[in-house]
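Student: Please find start03.cif (mmCIF, C-alpha atoms and all ligand atoms) on the next line:
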data_protein
loop_
_atom_site.label_atom_id
_atom_site.label_comp_id
_atom_site.auth_asym_id
_atom_site.auth_seq_id
_atom_site.Cartn_x
_atom_site.Cartn_y
_atom_site.Cartn_z
CA MET N 24 83.52 99.60 101.42
CA SER N 25 81.26 96.81 100.13
CA ASP N 26 81.61 97.83 96.47
CA ALA N 27 85.38 98.35 96.70
CA PRO N 28 87.47 96.07 94.50
CA ALA N 29 89.14 93.33 96.49
CA GLN N 30 92.77 93.84 97.46
CA ASN N 31 95.15 92.40 94.91
CA LEU N 32 97.12 89.54 96.39
CA SER N 33 98.07 87.94 93.09
CA THR N 34 101.36 88.08 91.23
CA PRO N 35 102.77 91.58 91.63
CA ILE N 36 103.50 94.00 88.83
CA GLU N 37 107.18 94.00 87.91
CA PRO N 38 109.00 97.32 87.53
CA ASP N 39 109.50 98.41 83.93
CA ASP N 40 110.57 101.55 82.10
CA SER N 41 107.27 102.30 80.38
CA TYR N 42 106.79 105.42 82.49
CA THR N 43 109.79 107.37 81.24
CA ALA N 44 107.72 109.81 79.14
CA LEU N 45 105.31 110.52 81.99
CA ALA N 46 108.26 110.86 84.37
CA ASN N 47 109.95 113.46 82.17
CA GLU N 48 106.66 115.32 81.78
CA ILE N 49 106.21 115.43 85.57
CA VAL N 50 109.79 116.57 86.21
CA ASP N 51 109.36 119.32 83.55
CA ILE N 52 106.29 120.61 85.41
CA PHE N 53 108.22 120.67 88.70
CA TYR N 54 110.91 122.81 87.01
CA LYS N 55 108.19 125.10 85.64
CA ILE N 56 106.67 125.60 89.09
CA TYR N 57 109.85 126.03 91.11
CA GLY N 58 112.57 127.03 88.62
CA THR N 59 116.05 125.49 88.55
CA HIS N 60 118.11 125.19 91.74
CA ALA N 61 121.22 123.33 90.65
CA GLY N 62 122.07 120.30 92.72
CA PHE N 63 118.76 120.32 94.63
CA ARG N 64 115.79 117.99 94.26
CA VAL N 65 112.93 119.30 92.08
CA ASN N 66 110.62 118.31 94.96
CA HIS N 67 111.46 117.97 98.65
CA ALA N 68 114.43 120.22 97.88
CA LYS N 69 115.08 121.23 101.51
CA GLY N 70 116.04 118.42 103.83
CA ILE N 71 118.47 116.94 106.29
CA VAL N 72 120.10 113.50 106.42
CA ALA N 73 120.59 111.30 109.48
CA GLN N 74 121.53 107.73 110.29
CA GLY N 75 120.32 105.09 112.67
CA SER N 76 119.35 101.47 113.05
CA PHE N 77 116.18 99.40 112.95
CA VAL N 78 115.30 96.34 114.99
CA ALA N 79 112.12 94.48 114.02
CA SER N 80 109.51 93.21 116.45
CA SER N 81 108.79 89.48 116.60
CA GLU N 82 105.32 90.11 115.14
CA ALA N 83 106.84 91.63 111.98
CA ALA N 84 108.36 88.25 111.05
CA THR N 85 104.93 86.58 111.25
CA LEU N 86 103.70 88.93 108.51
CA SER N 87 106.73 89.04 106.20
CA ARG N 88 109.73 86.82 105.62
CA ALA N 89 111.78 89.90 104.58
CA ALA N 90 115.31 89.99 105.98
CA LEU N 91 114.37 93.49 107.14
CA PHE N 92 112.24 91.82 109.81
CA ASP N 93 114.74 89.20 111.01
CA GLY N 94 115.24 91.01 114.32
CA SER N 95 118.89 91.94 113.73
CA SER N 96 120.06 95.54 113.86
CA ILE N 97 119.80 96.99 110.34
CA PRO N 98 121.46 100.35 109.65
CA PHE N 99 119.50 102.99 107.77
CA THR N 100 119.93 106.43 106.27
CA VAL N 101 116.96 108.78 106.65
CA ARG N 102 116.17 112.11 105.02
CA PHE N 103 113.59 114.47 106.53
CA SER N 104 112.28 117.13 104.17
CA ASN N 105 109.87 119.92 103.28
CA ASP N 106 107.85 119.41 100.13
CA GLY N 107 108.25 121.62 97.06
CA GLY N 108 111.23 122.62 94.97
CA PHE N 109 112.34 125.73 96.90
CA PRO N 110 115.55 124.98 98.83
CA ALA N 111 115.00 128.07 101.06
CA ILE N 112 111.33 127.49 101.94
CA PRO N 113 110.57 128.40 105.58
CA ASP N 114 110.13 125.24 107.64
CA GLY N 115 106.93 126.79 109.03
CA ALA N 116 105.37 127.56 105.62
CA PRO N 117 101.62 126.92 105.87
CA GLY N 118 100.47 123.63 104.39
CA ASN N 119 103.98 122.39 103.69
CA ILE N 120 103.99 118.59 103.74
CA LYS N 121 106.92 117.01 105.55
CA GLY N 122 108.69 113.94 104.17
CA MET N 123 110.64 111.09 105.76
CA ALA N 124 112.52 108.79 103.39
CA ILE N 125 114.27 105.74 104.84
CA LYS N 126 116.92 103.65 103.10
CA PHE N 127 117.71 100.39 104.91
CA HIS N 128 121.21 99.02 104.26
CA MET N 129 120.63 95.28 104.23
CA HIS N 130 123.32 92.86 105.38
CA ASP N 131 123.65 91.44 101.83
CA GLY N 132 124.45 94.90 100.44
CA SER N 133 121.01 95.54 98.93
CA GLU N 134 118.79 98.49 99.83
CA VAL N 135 115.15 98.70 100.89
CA ASP N 136 113.58 102.17 100.65
CA ILE N 137 110.43 103.57 102.28
CA PRO N 138 109.69 107.21 101.35
CA MET N 139 106.75 108.57 103.38
CA LEU N 140 104.72 111.77 103.73
CA ALA N 141 103.10 113.47 106.73
CA VAL N 142 99.55 113.41 105.36
CA LYS N 143 96.83 110.82 105.89
CA THR N 144 96.09 110.32 102.17
CA PHE N 145 97.73 111.24 98.84
CA PRO N 146 95.99 114.09 96.95
CA MET N 147 95.35 112.03 93.80
CA PRO N 148 94.68 108.33 93.11
CA THR N 149 97.21 107.91 90.27
CA GLY N 150 100.46 109.28 88.86
CA GLU N 151 98.60 110.72 85.89
CA GLY N 152 96.18 112.45 88.26
CA PHE N 153 99.08 113.88 90.24
CA ARG N 154 100.57 115.17 86.95
CA ASP N 155 97.26 116.97 86.31
CA LEU N 156 97.32 118.49 89.82
CA LEU N 157 100.89 119.73 89.26
CA MET N 158 99.77 121.25 85.95
CA ALA N 159 96.97 123.12 87.74
CA ILE N 160 99.49 124.37 90.35
CA SER N 161 101.83 125.51 87.60
CA ASN N 162 98.94 127.39 85.93
CA SER N 163 98.08 129.16 89.19
CA PRO N 164 100.88 131.64 89.96
CA ASP N 165 100.30 134.20 92.75
CA SER N 166 99.24 136.72 90.06
CA ALA N 167 96.50 134.43 88.63
CA ALA N 168 92.88 135.64 88.75
CA LYS N 169 90.50 133.86 91.13
CA PRO N 170 89.27 131.22 90.93
CA THR N 171 92.63 129.85 89.84
CA ALA N 172 93.16 126.64 87.88
CA LEU N 173 94.16 125.06 91.19
CA ASP N 174 90.96 126.29 92.93
CA GLU N 175 88.92 124.72 90.15
CA PHE N 176 90.95 121.51 90.13
CA ALA N 177 90.59 121.16 93.91
CA ALA N 178 86.84 121.81 93.70
CA SER N 179 86.37 118.98 91.21
CA ASN N 180 88.87 116.63 92.94
CA PRO N 181 87.89 116.52 96.64
CA THR N 182 90.80 114.16 97.40
CA VAL N 183 93.11 117.19 96.97
CA PRO N 184 91.79 119.32 99.86
CA ALA N 185 91.12 116.11 101.86
CA SER N 186 94.85 115.34 101.68
CA PHE N 187 96.26 118.86 102.04
CA ASN N 188 94.04 119.56 105.06
CA THR N 189 95.80 116.79 106.99
CA ALA N 190 99.23 118.49 106.77
CA GLY N 191 100.41 120.30 109.89
CA THR N 192 103.61 122.03 111.02
CA PRO N 193 105.32 119.89 113.68
CA ASP N 194 107.62 121.48 116.29
CA SER N 195 110.28 118.95 115.24
CA PHE N 196 110.77 116.39 112.46
CA ALA N 197 110.95 114.00 115.43
CA HIS N 198 107.37 114.82 116.46
CA GLU N 199 105.56 114.04 113.21
CA GLU N 200 103.84 110.89 111.92
CA TYR N 201 104.71 109.82 108.37
CA ARG N 202 102.80 107.43 106.09
CA GLY N 203 103.76 105.28 103.12
CA LEU N 204 100.25 105.72 101.61
CA ASN N 205 100.80 103.23 98.76
CA ALA N 206 99.84 99.65 99.68
CA PHE N 207 102.43 96.85 99.50
CA ILE N 208 102.06 93.11 99.95
CA PHE N 209 103.84 91.31 102.77
CA VAL N 210 104.56 87.61 102.12
CA ASN N 211 105.46 85.43 105.10
CA LYS N 212 107.39 82.14 105.31
CA ALA N 213 104.21 80.12 104.74
CA GLY N 214 103.48 82.14 101.58
CA HIS N 215 100.55 84.02 103.16
CA ARG N 216 100.01 87.38 101.45
CA GLN N 217 98.83 90.45 103.33
CA ALA N 218 98.28 93.99 102.04
CA VAL N 219 99.71 96.68 104.31
CA ARG N 220 100.40 100.41 104.47
CA TYR N 221 103.33 101.80 106.46
CA ILE N 222 102.87 104.30 109.28
CA THR N 223 105.92 105.67 111.11
CA THR N 224 104.93 106.99 114.51
CA PRO N 225 107.05 109.17 116.83
CA GLU N 226 107.06 109.00 120.63
CA LYS N 227 104.79 112.06 120.57
CA ILE N 228 103.17 114.18 117.86
CA VAL N 229 103.35 117.96 118.41
CA TYR N 230 101.84 120.49 115.98
CA LEU N 231 102.27 124.26 116.08
CA ASP N 232 99.31 126.52 115.41
CA ALA N 233 99.49 128.84 112.39
CA ASP N 234 100.73 131.86 114.41
CA GLU N 235 103.44 129.86 116.18
CA ALA N 236 104.59 128.36 112.87
CA ALA N 237 104.76 131.80 111.23
CA ARG N 238 106.93 133.18 114.06
CA LYS N 239 109.48 130.33 113.87
CA PRO N 240 112.94 130.94 112.33
CA LEU N 241 113.37 129.96 108.66
CA ASP N 242 115.26 126.71 109.39
CA PHE N 243 113.86 125.78 112.80
CA LEU N 244 113.19 122.12 111.90
CA ILE N 245 116.54 121.65 110.13
CA ASP N 246 118.33 123.25 113.12
CA ASP N 247 116.35 121.28 115.72
CA LEU N 248 117.28 117.77 114.56
CA PRO N 249 121.08 117.78 115.16
CA GLN N 250 120.64 119.47 118.55
CA ARG N 251 117.97 116.98 119.58
CA VAL N 252 119.86 113.89 118.41
CA ALA N 253 123.07 115.11 120.09
CA LYS N 254 121.20 114.94 123.42
CA GLU N 255 119.51 111.59 122.90
CA PRO N 256 118.53 109.31 120.02
CA VAL N 257 115.18 109.99 118.36
CA VAL N 258 112.87 106.98 118.26
CA PHE N 259 110.03 106.09 115.89
CA HIS N 260 107.97 102.93 115.54
CA LEU N 261 107.62 101.52 112.03
CA ARG N 262 104.08 100.13 111.88
CA ALA N 263 101.87 98.43 109.32
CA GLN N 264 98.17 99.05 108.86
CA ILE N 265 96.62 95.70 107.94
CA ALA N 266 94.06 95.59 105.11
CA GLU N 267 90.98 93.47 105.47
CA SER N 268 89.20 91.59 102.73
CA GLY N 269 87.60 94.08 100.32
CA ASP N 270 89.94 97.00 101.17
CA GLN N 271 91.22 98.41 97.89
CA THR N 272 94.99 98.57 97.45
CA LYS N 273 95.49 100.68 94.37
CA ASP N 274 94.28 104.13 95.40
CA PRO N 275 96.46 106.00 97.94
CA SER N 276 93.98 108.92 97.99
CA GLN N 277 91.54 106.74 99.98
CA SER N 278 92.32 105.72 103.53
CA TRP N 279 91.34 102.36 104.96
CA PRO N 280 88.82 102.38 107.82
CA ASP N 281 90.31 103.70 111.08
CA ASP N 282 89.54 100.46 112.90
CA ARG N 283 91.99 98.42 110.80
CA ARG N 284 94.59 96.67 112.95
CA VAL N 285 97.99 98.39 113.11
CA VAL N 286 100.96 96.12 113.87
CA ASP N 287 104.23 97.34 115.38
CA LEU N 288 106.98 96.25 112.95
CA GLY N 289 109.85 97.50 115.11
CA VAL N 290 111.86 100.44 116.40
CA LEU N 291 113.74 102.99 114.31
CA THR N 292 116.45 104.73 116.33
CA VAL N 293 117.95 107.86 114.77
CA SER N 294 121.34 108.32 116.41
CA LYS N 295 123.39 110.64 114.22
CA VAL N 296 122.72 113.68 112.00
CA LEU N 297 125.25 114.12 109.22
CA VAL N 298 127.22 117.38 109.33
CA ASP N 299 127.80 117.22 105.58
CA SER N 300 124.10 116.57 104.99
CA HIS N 301 123.97 118.83 101.94
CA ALA N 302 126.71 116.96 100.06
CA VAL N 303 125.34 113.55 101.06
CA GLN N 304 121.75 114.24 100.07
CA LYS N 305 122.72 115.22 96.55
CA ASN N 306 123.79 111.63 95.89
CA LEU N 307 120.97 109.92 97.75
CA LEU N 308 118.14 108.39 95.74
CA PHE N 309 115.13 106.78 97.39
CA LEU N 310 113.04 104.45 95.22
CA PRO N 311 109.70 103.06 96.43
CA THR N 312 110.35 99.97 94.26
CA ASN N 313 113.55 99.13 96.19
CA LEU N 314 111.96 96.12 97.88
CA THR N 315 113.20 92.72 99.04
CA ASP N 316 111.91 89.16 99.09
CA GLY N 317 108.86 89.17 101.40
CA ILE N 318 107.72 92.70 100.41
CA GLU N 319 106.05 93.12 97.01
CA LEU N 320 104.20 95.70 94.98
CA SER N 321 100.40 95.59 95.10
CA ASP N 322 98.16 96.45 92.13
CA ASP N 323 98.91 100.15 92.82
CA ARG N 324 101.03 101.37 89.88
CA MET N 325 102.04 104.59 91.62
CA PRO N 326 105.28 103.23 93.13
CA LEU N 327 106.42 102.28 89.60
CA ILE N 328 105.64 105.76 88.33
CA ARG N 329 107.30 107.33 91.36
CA SER N 330 110.49 105.34 90.84
CA ALA N 331 110.57 106.42 87.19
CA VAL N 332 110.04 110.06 88.24
CA TYR N 333 112.66 109.92 91.00
CA GLY N 334 115.20 108.35 88.63
CA VAL N 335 114.65 111.06 86.02
CA ALA N 336 114.72 113.78 88.71
CA PHE N 337 117.97 112.34 90.10
CA ALA N 338 119.62 112.23 86.66
CA ARG N 339 118.58 115.80 85.88
CA ARG N 340 119.47 117.02 89.41
CA SER N 341 123.00 115.74 88.91
CA ASP N 342 123.40 117.67 85.63
C1 LIG Q 401 102.96 109.91 91.34
C2 LIG Q 401 103.08 110.45 92.54
C3 LIG Q 401 104.33 111.17 92.97
C4 LIG Q 401 105.20 111.94 92.25
C5 LIG Q 401 105.13 112.30 90.78
C6 LIG Q 401 106.24 112.39 93.15
C7 LIG Q 401 107.30 113.20 92.80
C8 LIG Q 401 108.44 113.41 93.54
C9 LIG Q 401 109.67 114.00 93.08
C10 LIG Q 401 109.92 114.55 91.67
C11 LIG Q 401 110.55 113.98 94.09
C12 LIG Q 401 112.00 114.45 94.07
C13 LIG Q 401 112.87 113.22 93.82
C14 LIG Q 401 114.34 113.50 93.70
O1 LIG Q 401 114.73 114.50 93.07
O2 LIG Q 401 115.14 112.70 94.25
C15 LIG Q 401 109.88 113.39 95.22
C16 LIG Q 401 110.45 113.19 96.45
C17 LIG Q 401 109.80 112.60 97.49
N1 LIG Q 401 108.55 112.00 97.49
FE1 LIG Q 401 107.29 111.90 95.95
N2 LIG Q 401 106.00 111.88 94.40
C18 LIG Q 401 104.84 111.14 94.33
C19 LIG Q 401 104.23 110.44 95.34
C20 LIG Q 401 104.75 110.31 96.60
C21 LIG Q 401 104.17 109.52 97.65
C22 LIG Q 401 102.90 108.68 97.54
C23 LIG Q 401 105.01 109.65 98.73
C24 LIG Q 401 104.94 109.03 100.08
C25 LIG Q 401 103.86 108.60 100.64
C26 LIG Q 401 106.12 110.51 98.34
C27 LIG Q 401 107.17 110.86 99.16
C28 LIG Q 401 108.30 111.53 98.74
C29 LIG Q 401 109.41 111.84 99.62
C30 LIG Q 401 109.53 111.52 101.09
C31 LIG Q 401 110.36 112.50 98.83
C32 LIG Q 401 111.73 113.02 99.26
C33 LIG Q 401 112.75 111.92 99.08
C34 LIG Q 401 114.12 112.38 99.50
O3 LIG Q 401 114.25 112.83 100.65
O4 LIG Q 401 115.05 112.25 98.70
N3 LIG Q 401 105.92 110.89 97.06
N4 LIG Q 401 108.59 113.04 94.87
#
Could you write out this structure as C-alpha cells?

Tutor:
Amino acid sequence: MSDAPAQNLSTPIEPDDSYTALANEIVDIFYKIYGTHAGFRVNHAKGIVAQGSFVASSEAATLSRAALFDGSSIPFTVRFSNDGGFPAIPDGAPGNIKGMAIKFHMHDGSEVDIPMLAVKTFPMPTGEGFRDLLMAISNSPDSAAKPTALDEFAASNPTVPASFNTAGTPDSFAHEEYRGLNAFIFVNKAGHRQAVRYITTPEKIVYLDADEAARKPLDFLIDDLPQRVAKEPVVFHLRAQIAESGDQTKDPSQSWPDDRRVVDLGVLTVSKVLVDSHAVQKNLLFLPTNLTDGIELSDDRMPLIRSAVYGVAFARRSD
C-alpha cells in the first residue's frame, strides 16, 4: 500500500448534475441488456421492502457527529434485492449479487441512504469503467461466440472476476453480509475526519452450495423474509471499516487490508415486512449522496455518478 495515494480528507466534492449524459448512457445499456419491464428498476428489479429501527453505539458518536449516531431510535426502510433487471430472476441464480439499501428517516424529516452490495469489492474502479463492463455484458448474449466480449473484458480487468467471485447465494437475506464499498468521510464534533467503508453484518452468514441454490424455489429469499420477521425481528450490525493513513479512498474495486479496525456503529432491527412491497418499492429511491452533517463524500466520484444514474433510472421507471 506504500505507493497508494493518501486518503482524501479535504473539502468534499459537492453533488452536481454533470453526470446526466453518462447516467442516461448507463440506463440505456441496462435496458438493452434486460429489456423493458414497466414499473420495475432497470437493475435490482426483484426485491422486497421492510421497516425497522436503528440505534447507534456510543463509539459511533466518537467518529461522527451525524444525528444518525445520536443513540436515539431512528426508523428506516430497507429494500433487499437481486441484481440485474429481470423481475422474475430465480433467487438462487448463480453469481447473482444481493443488495441491501437502507433509507434512514431522520427526526428532522431528512433522509440518509446507504445502498450496499453483498460482494467484497466493486467490479470496476469508476462509473465510466462500470459503463464499459455493462457494454461488454450487453455485447455478450447467450448466443455469442466464445470468447465473448465479457470474457475478454474480464480477462483484461481482473477486478471484475475478483468482485464477482465473492458473491454467494445466502439461505436468507437475513444471513448475508452487505458492504457500502465506496468510502465516505466521518467528521466528529471536534472536526476530526476519518475515512470509512460500511459493512452490515448479520447474526450469522449462511451460504448455499451451487446444487442447493439450484434446487431452491424461484422466490425462496423473497418468501423467507416475511415468515422469518413474523417470528422474530432480524438483526444486523452496521459497522465501519476504518482507513489508515495511505489507504486510498477513491477506488471501490480495491479492498483495504483485512487487519483494518472495524467499529460497531449500532444495531439495525428489521421488524416488519411490507405486504404491499411491490407498490411501495416503485416509489422508493435510494441515493448514495443522501448524507447528513457528519458524513461526507470522499474523493471517490462514484457516489455522484450513482446518484445521477439512480435518478435517471427512477424517472424512466416511473414512465
Ligand atoms: C457506477 C456504479 C454503479 C452503477 C452505474 C449502478 C447502477 C444501478 C442502477 C441503474 C440501479 C437501479 C436504480 C433504480 O432504478 O432505482 C441500481 C440499484 C442499486 N445499486 Fe447500484 N450501481 C453502481 C454501483 C453500486 C454500488 C457501489 C453499490 C453498493 C455498494 C450499489 C448498490 C445498489 C443497490 C443496493 C441497488 C438497489 C437499490 C434499491 O433497492 O432500490 N450500486 N444500481

Student: Return as CSV the residues of chain N lying at most 6 Å from ligand LIG 401 (chain Q), together with the closest atom-to-atom pair for each and the distance in Å to one decimal, counting all atoms listed in the file, with rows in chain order and ascending residue number.

Tutor:
residue,atom,partner,partner_atom,distance
N:Val50,CA,Q:LIG401,C10,5.8
N:Arg64,CA,Q:LIG401,O1,3.8
N:Val65,CA,Q:LIG401,O1,5.2
N:Asn66,CA,Q:LIG401,C12,4.2
N:His67,CA,Q:LIG401,C32,5.0
N:Arg102,CA,Q:LIG401,O3,4.8
N:Ser104,CA,Q:LIG401,O3,5.9
N:Gly122,CA,Q:LIG401,C30,4.0
N:Met123,CA,Q:LIG401,C30,4.8
N:Ala124,CA,Q:LIG401,C30,4.7
N:Pro138,CA,Q:LIG401,C30,4.3
N:Met139,CA,Q:LIG401,C24,3.8
N:Leu140,CA,Q:LIG401,C25,4.5
N:Phe145,CA,Q:LIG401,C22,5.9
N:Gly150,CA,Q:LIG401,C1,3.6
N:Phe153,CA,Q:LIG401,C1,5.7
N:Arg202,CA,Q:LIG401,C25,5.7
N:Gly203,CA,Q:LIG401,C25,4.1
N:Leu204,CA,Q:LIG401,C25,4.7
N:Asn205,CA,Q:LIG401,C22,6.0
N:Leu308,CA,Q:LIG401,O2,5.5
N:Phe309,CA,Q:LIG401,O4,5.6
N:Met325,CA,Q:LIG401,C1,5.4
N:Ile328,CA,Q:LIG401,C1,5.8
N:Arg329,CA,Q:LIG401,C1,5.0
N:Val332,CA,Q:LIG401,C10,5.7
N:Tyr333,CA,Q:LIG401,C13,4.3
N:Ala336,CA,Q:LIG401,O1,4.4
N:Phe337,CA,Q:LIG401,O1,4.9

Student: Using all atoms listed in the file, find the one residue out of N:Ser321, N:Ser276, N:Asn119, N:Gln304 that sits nearest to Ala236 in chain N.

Tutor: N:Asn119

Student: Considering only C-alpha atoms, can you say which of N:Pro326, N:Asp51, N:Ile56, N:Gln264 comes closest to Asn162 in chain N?

Tutor: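 For Asn162 in chain N, the nearest of the candidates is N:Ile56.
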
Student: For Gly75 in chain N, please output as a list in words all residues within 10 Å (counting all atoms listed in the file; exclusion window: fewer than 2 positions along the same chain).

Tutor: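 So, after excluding close chain neighbours, the residues are Ala73, Phe77, Ser96, Ile97, Pro98, Phe99, Thr100, Val101, Ile125, Phe127, Pro256, Val257, Val258, Leu291, Thr292, Val293, Ser294, Lys295 and Val296 of chain N.
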
Student: Pick the closest to Ser81 in chain N from N:Asp93, N:Asp232, N:Asp165, N:Asp174: which is it, counting all atoms listed in the file?

Tutor: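 Among the listed residues, the smallest separation from Ser81 in chain N belongs to N:Asp93.
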
Student: Here is a test: counting all atoms listed in the file, which residue of N:Arg339, N:Ala263, N:Val252, N:Gln277 is nearest to Pro181 in chain N?

Tutor: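 Closest residue, counting all atoms listed in the file: N:Gln277.
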
Student: Find, counting only C-alpha atoms, the residue in N:Phe109, N:Phe207, N:Tyr230, N:Phe259 that gets nearest to Asp274 in chain N.

Tutor: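 Among N:Phe109, N:Phe207, N:Tyr230, N:Phe259, it is N:Phe207 that comes nearest to Asp274 in chain N.
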
Student: So, counting all atoms listed in the file, which residue among N:Asp299, N:Asp131, N:Asp323, N:Asp316 is closest to Gly214 in chain N?

Tutor: N:Asp316
